[in-house]
Amino acid sequence: MGSPNFTAPPPDPEPPAVDAFLSAVDHAMNSNTLLLTTDCDVPVVTGNRQDVLHAFLRSALFERLMRAADVRRNWYNLTDGNDSEPLEHPLLREGFHATISPLDAAGFLARLRWMLCEAFSPYGHHYPAADAEQLARGFARELLGTDDPAWSFAAVSPDFLRSTGYYSDEQPQPPVYFDGGGSDTATFVHRGRTFHLLLTNGSP
């Protein structure tokens, strides 16, 4: 079996509940939160998702989606100035593991709430629990549909993107994304041939 192939859906504007959650995480964690959505030409299941994720990260589509999401969220951190031209170095880090750790649906929602209520918030922008619950459930409902048990969830070790060096002596080579701290997260969500990758890099 060869490497899977990936395609991206049309770059429509993010639905309101998705945008509200991403913006809330940006505010709470001081993050540049990104959401990537991709279709794969083979079904993604627990038995192959590690290999599928690695193949996706190594694909040209991954970098294109990262840069597009960065521009769509008005960050412009992964481009050369305020345009869509890529920077000199690849975004993917050499020797990465991107190890998957399973989550259940409750763990996925708890992870979303953690981003808003418990993760390090350098400017004290944690959300009240009730607001975080509403934002997290609205995001999940918009992204996944209503109570669809076919979705699977996983945390991914955030070691696959170049680092700012904020928490280390590493010299950054732009484009960079992760900061090396506890607010770096990657969350993998999949059903059938579709998957989402949610990324945060909260830092002072």
# chains A, B, ... in the order shown; residues from 1 in each chain; ligands from 1

call {"tool": "residues_around", "arguments": {"residues": "Asn32 of chain A", "least_positions_apart": "5", "cutoff": "10 Å", "atoms": "only C-alpha atoms", "output": "MDAnalysis selection string"}}
result
chainID A and resid 22:23 25:27 70 73:75 77 177:178 199:203

call {"tool": "write_last_selection", "arguments": {"atoms": "all heavy atoms", "output": "tab-separated table (two decimals), in the first residue's frame"}}
result
chain	number	residue	atom	x	y	z
A	22	LEU	N	-12.10	29.47	18.40
A	22	LEU	CA	-10.69	29.74	18.08
A	22	LEU	C	-10.26	31.10	18.61
A	22	LEU	O	-9.18	31.25	19.19
A	22	LEU	CB	-10.47	29.67	16.57
A	22	LEU	CG	-10.77	28.33	15.87
A	22	LEU	CD1	-10.47	28.45	14.38
A	22	LEU	CD2	-10.00	27.19	16.49
A	23	SER	N	-11.12	32.10	18.44
A	23	SER	CA	-10.80	33.44	18.93
A	23	SER	C	-10.74	33.48	20.45
A	23	SER	O	-9.91	34.18	21.04
A	23	SER	CB	-11.84	34.44	18.43
A	23	SER	OG	-11.81	34.53	17.01
A	25	VAL	N	-9.85	30.94	22.41
A	25	VAL	CA	-8.58	30.31	22.81
A	25	VAL	C	-7.43	31.28	22.58
A	25	VAL	O	-6.52	31.38	23.41
A	25	VAL	CB	-8.37	28.99	22.05
A	25	VAL	CG1	-7.00	28.41	22.37
A	25	VAL	CG2	-9.45	27.98	22.41
A	26	ASP	N	-7.45	32.00	21.46
A	26	ASP	CA	-6.43	33.03	21.24
A	26	ASP	C	-6.39	34.00	22.42
A	26	ASP	O	-5.30	34.35	22.92
A	26	ASP	CB	-6.74	33.83	19.97
A	26	ASP	CG	-6.59	33.04	18.70
A	26	ASP	OD1	-5.90	32.00	18.71
A	26	ASP	OD2	-7.15	33.47	17.67
A	27	HIS	N	-7.55	34.43	22.86
A	27	HIS	CA	-7.65	35.41	23.94
A	27	HIS	C	-7.20	34.82	25.27
A	27	HIS	O	-6.44	35.45	26.02
A	27	HIS	CB	-9.09	35.90	24.04
A	27	HIS	CG	-9.32	36.99	25.04
A	27	HIS	ND1	-8.76	38.25	24.92
A	27	HIS	CD2	-10.04	37.00	26.20
A	27	HIS	CE1	-9.14	38.99	25.95
A	27	HIS	NE2	-9.91	38.26	26.74
A	70	ASP	N	-3.13	30.54	8.76
A	70	ASP	CA	-2.44	31.65	9.39
A	70	ASP	C	-2.90	32.99	8.80
A	70	ASP	O	-3.15	33.96	9.54
A	70	ASP	CB	-0.93	31.45	9.19
A	70	ASP	CG	-0.10	32.62	9.66
A	70	ASP	OD1	-0.08	32.88	10.87
A	70	ASP	OD2	0.54	33.27	8.81
A	73	ARG	N	-6.65	33.71	9.74
A	73	ARG	CA	-6.82	34.18	11.12
A	73	ARG	C	-6.12	35.52	11.34
A	73	ARG	O	-6.06	36.01	12.47
A	73	ARG	CB	-6.27	33.15	12.11
A	73	ARG	CG	-6.81	31.75	11.99
A	73	ARG	CD	-8.16	31.50	12.60
A	73	ARG	NE	-8.39	32.05	13.90
A	73	ARG	CZ	-9.59	32.41	14.34
A	73	ARG	NH1	-10.65	32.24	13.58
A	73	ARG	NH2	-9.74	32.91	15.54
A	74	ASN	N	-5.56	36.09	10.26
A	74	ASN	CA	-4.93	37.41	10.31
A	74	ASN	C	-3.69	37.47	11.20
A	74	ASN	O	-3.40	38.50	11.83
A	74	ASN	CB	-5.94	38.49	10.77
A	74	ASN	CG	-7.04	38.70	9.77
A	74	ASN	OD1	-6.80	38.81	8.57
A	74	ASN	ND2	-8.28	38.72	10.24
A	75	TRP	N	-2.93	36.37	11.23
A	75	TRP	CA	-1.68	36.37	12.00
A	75	TRP	C	-0.49	36.75	11.12
A	75	TRP	O	0.37	37.50	11.54
A	75	TRP	CB	-1.44	35.00	12.64
A	75	TRP	CG	-2.47	34.61	13.65
A	75	TRP	CD1	-3.29	33.52	13.62
A	75	TRP	CD2	-2.81	35.31	14.85
A	75	TRP	NE1	-4.12	33.50	14.71
A	75	TRP	CE2	-3.84	34.59	15.49
A	75	TRP	CE3	-2.34	36.48	15.44
A	75	TRP	CZ2	-4.40	35.00	16.69
A	75	TRP	CZ3	-2.90	36.89	16.64
A	75	TRP	CH2	-3.92	36.16	17.25
A	77	ASN	N	2.11	35.04	10.48
A	77	ASN	CA	3.36	34.60	11.08
A	77	ASN	C	4.12	33.61	10.20
A	77	ASN	O	5.31	33.40	10.40
A	77	ASN	CB	3.09	33.94	12.43
A	77	ASN	CG	2.61	34.93	13.47
A	77	ASN	OD1	3.05	36.07	13.48
A	77	ASN	ND2	1.71	34.49	14.33
A	177	TYR	N	6.30	28.00	14.94
A	177	TYR	CA	4.94	27.97	15.49
A	177	TYR	C	4.95	27.62	16.97
A	177	TYR	O	4.54	28.42	17.81
A	177	TYR	CB	4.05	26.98	14.72
A	177	TYR	CG	2.62	27.01	15.23
A	177	TYR	CD1	1.75	28.04	14.87
A	177	TYR	CD2	2.15	26.05	16.12
A	177	TYR	CE1	0.46	28.11	15.37
A	177	TYR	CE2	0.85	26.11	16.62
A	177	TYR	CZ	0.01	27.14	16.24
A	177	TYR	OH	-1.26	27.20	16.73
A	178	PHE	N	5.37	26.41	17.36
A	178	PHE	CA	5.34	26.03	18.76
A	178	PHE	C	6.36	26.84	19.57
A	178	PHE	O	7.39	27.27	19.05
A	178	PHE	CB	5.60	24.53	18.92
A	178	PHE	CG	4.46	23.66	18.46
A	178	PHE	CD1	4.70	22.54	17.66
A	178	PHE	CD2	3.15	23.94	18.80
A	178	PHE	CE1	3.66	21.73	17.23
A	178	PHE	CE2	2.10	23.13	18.38
A	178	PHE	CZ	2.37	22.02	17.59
A	199	LEU	N	-4.56	23.25	16.52
A	199	LEU	CA	-3.23	23.58	17.03
A	199	LEU	C	-3.29	24.85	17.89
A	199	LEU	O	-3.95	25.83	17.52
A	199	LEU	CB	-2.27	23.84	15.86
A	199	LEU	CG	-2.09	22.69	14.86
A	199	LEU	CD1	-1.30	23.18	13.66
A	199	LEU	CD2	-1.40	21.52	15.52
A	200	THR	N	-2.57	24.82	19.02
A	200	THR	CA	-2.41	26.02	19.85
A	200	THR	C	-0.94	26.19	20.19
A	200	THR	O	-0.17	25.23	20.23
A	200	THR	CB	-3.22	25.95	21.16
A	200	THR	OG1	-2.65	24.96	22.02
A	200	THR	CG2	-4.68	25.62	20.90
A	201	ASN	N	-0.55	27.43	20.47
A	201	ASN	CA	0.84	27.71	20.84
A	201	ASN	C	0.91	28.81	21.89
A	201	ASN	O	1.80	29.66	21.85
A	201	ASN	CB	1.66	28.09	19.60
A	201	ASN	CG	1.19	29.40	18.96
A	201	ASN	OD1	0.14	29.92	19.30
A	201	ASN	ND2	1.98	29.93	18.03
A	202	GLY	N	-0.02	28.84	22.80
A	202	GLY	CA	-0.12	29.93	23.75
A	202	GLY	C	1.17	30.21	24.50
A	202	GLY	O	1.86	29.29	24.93
A	203	SER	N	1.49	31.48	24.66
A	203	SER	CA	2.74	31.87	25.29
A	203	SER	C	2.68	33.35	25.63
A	203	SER	O	1.95	34.11	24.98
A	203	SER	CB	3.90	31.61	24.33
A	203	SER	OG	5.02	32.41	24.61

call {"tool": "residues_around", "arguments": {"residues": "segment 103-119 of chain A", "least_positions_apart": "2", "cutoff": "10 Å", "atoms": "only C-alpha atoms", "output": "ChimeraX atom specification"}}
result
/A:21,24-29,31,100-101,121-122,125-137,139-140,147,149,151-155,182-183,185,187-189,200,202

call {"tool": "write_last_selection", "arguments": {"atoms": "N, CA and C atoms", "output": "CSV table (one decimal), in the first residue's frame"}}
result
chain,number,residue,atom,x,y,z
A,21,PHE,N,-14.8,30.0,19.1
A,21,PHE,CA,-14.0,29.2,19.9
A,21,PHE,C,-12.5,29.5,19.7
A,24,ALA,N,-11.6,32.7,21.1
A,24,ALA,CA,-11.6,32.6,22.6
A,24,ALA,C,-10.3,32.0,23.1
A,25,VAL,N,-9.9,30.9,22.4
A,25,VAL,CA,-8.6,30.3,22.8
A,25,VAL,C,-7.4,31.3,22.6
A,26,ASP,N,-7.4,32.0,21.5
A,26,ASP,CA,-6.4,33.0,21.2
A,26,ASP,C,-6.4,34.0,22.4
A,27,HIS,N,-7.6,34.4,22.9
A,27,HIS,CA,-7.7,35.4,23.9
A,27,HIS,C,-7.2,34.8,25.3
A,28,ALA,N,-7.7,33.6,25.6
A,28,ALA,CA,-7.4,33.0,26.9
A,28,ALA,C,-5.9,32.6,27.0
A,29,MET,N,-5.3,32.0,26.0
A,29,MET,CA,-4.0,31.4,26.0
A,29,MET,C,-2.9,32.3,25.4
A,31,SER,N,-2.7,32.7,22.2
A,31,SER,CA,-2.3,31.7,21.2
A,31,SER,C,-2.6,32.2,19.8
A,100,ILE,N,0.6,9.9,18.9
A,100,ILE,CA,-0.8,10.0,19.2
A,100,ILE,C,-1.1,9.3,20.5
A,101,SER,N,-1.9,10.0,21.3
A,101,SER,CA,-2.5,9.4,22.5
A,101,SER,C,-4.0,9.5,22.5
A,121,SER,N,-2.6,31.4,31.2
A,121,SER,CA,-3.2,32.6,30.6
A,121,SER,C,-2.3,33.8,31.0
A,122,PRO,N,-1.4,34.2,30.2
A,122,PRO,CA,-0.4,35.2,30.7
A,122,PRO,C,-1.0,36.5,31.0
A,125,HIS,N,-6.8,36.0,31.2
A,125,HIS,CA,-8.0,36.0,30.4
A,125,HIS,C,-8.8,34.7,30.4
A,126,HIS,N,-8.7,33.9,31.5
A,126,HIS,CA,-9.5,32.7,31.6
A,126,HIS,C,-11.0,33.1,31.5
A,127,TYR,N,-11.7,32.1,30.9
A,127,TYR,CA,-13.2,32.3,30.8
A,127,TYR,C,-13.9,31.6,31.9
A,128,PRO,N,-15.0,32.2,32.4
A,128,PRO,CA,-15.9,31.5,33.4
A,128,PRO,C,-16.3,30.1,32.8
A,129,ALA,N,-16.5,29.2,33.8
A,129,ALA,CA,-16.7,27.8,33.4
A,129,ALA,C,-18.0,27.7,32.5
A,130,ALA,N,-19.0,28.4,32.8
A,130,ALA,CA,-20.2,28.3,32.0
A,130,ALA,C,-20.0,28.8,30.5
A,131,ASP,N,-19.2,29.9,30.4
A,131,ASP,CA,-18.9,30.4,29.1
A,131,ASP,C,-18.0,29.5,28.3
A,132,ALA,N,-17.0,28.9,29.0
A,132,ALA,CA,-16.2,27.9,28.3
A,132,ALA,C,-16.9,26.7,27.9
A,133,GLU,N,-17.9,26.3,28.7
A,133,GLU,CA,-18.7,25.1,28.3
A,133,GLU,C,-19.5,25.4,27.0
A,134,GLN,N,-20.1,26.6,27.0
A,134,GLN,CA,-20.9,27.0,25.8
A,134,GLN,C,-20.0,27.1,24.6
A,135,LEU,N,-18.8,27.7,24.7
A,135,LEU,CA,-17.9,27.8,23.6
A,135,LEU,C,-17.4,26.5,23.1
A,136,ALA,N,-17.0,25.6,24.0
A,136,ALA,CA,-16.5,24.3,23.6
A,136,ALA,C,-17.6,23.4,23.0
A,137,ARG,N,-18.8,23.4,23.5
A,137,ARG,CA,-19.8,22.6,23.0
A,137,ARG,C,-20.3,23.2,21.6
A,139,PHE,N,-18.4,24.7,19.5
A,139,PHE,CA,-17.3,24.4,18.5
A,139,PHE,C,-17.5,22.9,18.1
A,140,ALA,N,-17.7,22.0,19.1
A,140,ALA,CA,-17.8,20.6,18.8
A,140,ALA,C,-19.0,20.3,18.0
A,147,ASP,N,-23.8,14.8,18.4
A,147,ASP,CA,-23.7,13.5,19.1
A,147,ASP,C,-23.4,12.4,18.1
A,149,PRO,N,-21.4,9.4,17.1
A,149,PRO,CA,-20.4,8.6,17.8
A,149,PRO,C,-19.3,8.1,16.9
A,151,TRP,N,-17.0,9.8,15.4
A,151,TRP,CA,-15.8,10.5,15.5
A,151,TRP,C,-14.8,9.9,16.5
A,152,SER,N,-13.5,10.0,16.2
A,152,SER,CA,-12.5,9.5,17.2
A,152,SER,C,-11.5,10.7,17.4
A,153,PHE,N,-10.9,10.7,18.6
A,153,PHE,CA,-10.1,11.8,19.1
A,153,PHE,C,-8.8,11.3,19.6
A,154,ALA,N,-7.8,12.2,19.5
A,154,ALA,CA,-6.4,11.9,20.0
A,154,ALA,C,-5.7,13.2,20.3
A,155,ALA,N,-4.9,13.2,21.3
A,155,ALA,CA,-3.9,14.2,21.5
A,155,ALA,C,-2.6,13.8,20.7
A,182,GLY,N,3.9,24.5,27.9
A,182,GLY,CA,2.8,23.6,28.2
A,182,GLY,C,1.5,24.0,27.4
A,183,SER,N,1.6,25.1,26.8
A,183,SER,CA,0.4,25.5,26.0
A,183,SER,C,0.5,25.2,24.5
A,185,THR,N,-0.3,22.6,21.9
A,185,THR,CA,-1.1,21.4,21.8
A,185,THR,C,-1.4,21.1,20.3
A,187,THR,N,-4.4,18.5,18.5
A,187,THR,CA,-5.5,17.6,18.7
A,187,THR,C,-6.0,17.1,17.4
A,188,PHE,N,-6.1,15.8,17.2
A,188,PHE,CA,-6.5,15.1,16.0
A,188,PHE,C,-7.9,14.5,16.1
A,189,VAL,N,-8.7,14.8,15.2
A,189,VAL,CA,-10.1,14.4,15.3
A,189,VAL,C,-10.5,13.8,13.9
A,200,THR,N,-2.6,24.8,19.0
A,200,THR,CA,-2.4,26.0,19.8
A,200,THR,C,-0.9,26.2,20.2
A,202,GLY,N,0.0,28.8,22.8
A,202,GLY,CA,-0.1,29.9,23.7
A,202,GLY,C,1.2,30.2,24.5

call {"tool": "closest_residue", "arguments": {"among": "A:Ser157, A:Thr38, A:Thr146, A:Ser168", "to": "Leu61 of chain A", "atoms": "only C-alpha atoms"}}
result
A:Thr38

call {"tool": "select_by_dssp", "arguments": {"residues": "segment 8-203 of chain A", "states": "strand (DSSP E or B)", "output": "PyMOL selection string"}}
result
chain A and resi 34-40+79+86+92+100-103+152-156+161+163+178+184-191+194-201

call {"tool": "atom_distance", "arguments": {"atom1": "atom CA of Arg141 of chain A", "atom2": "atom CA of Phe56 of chain A"}}
result
25.0 Å
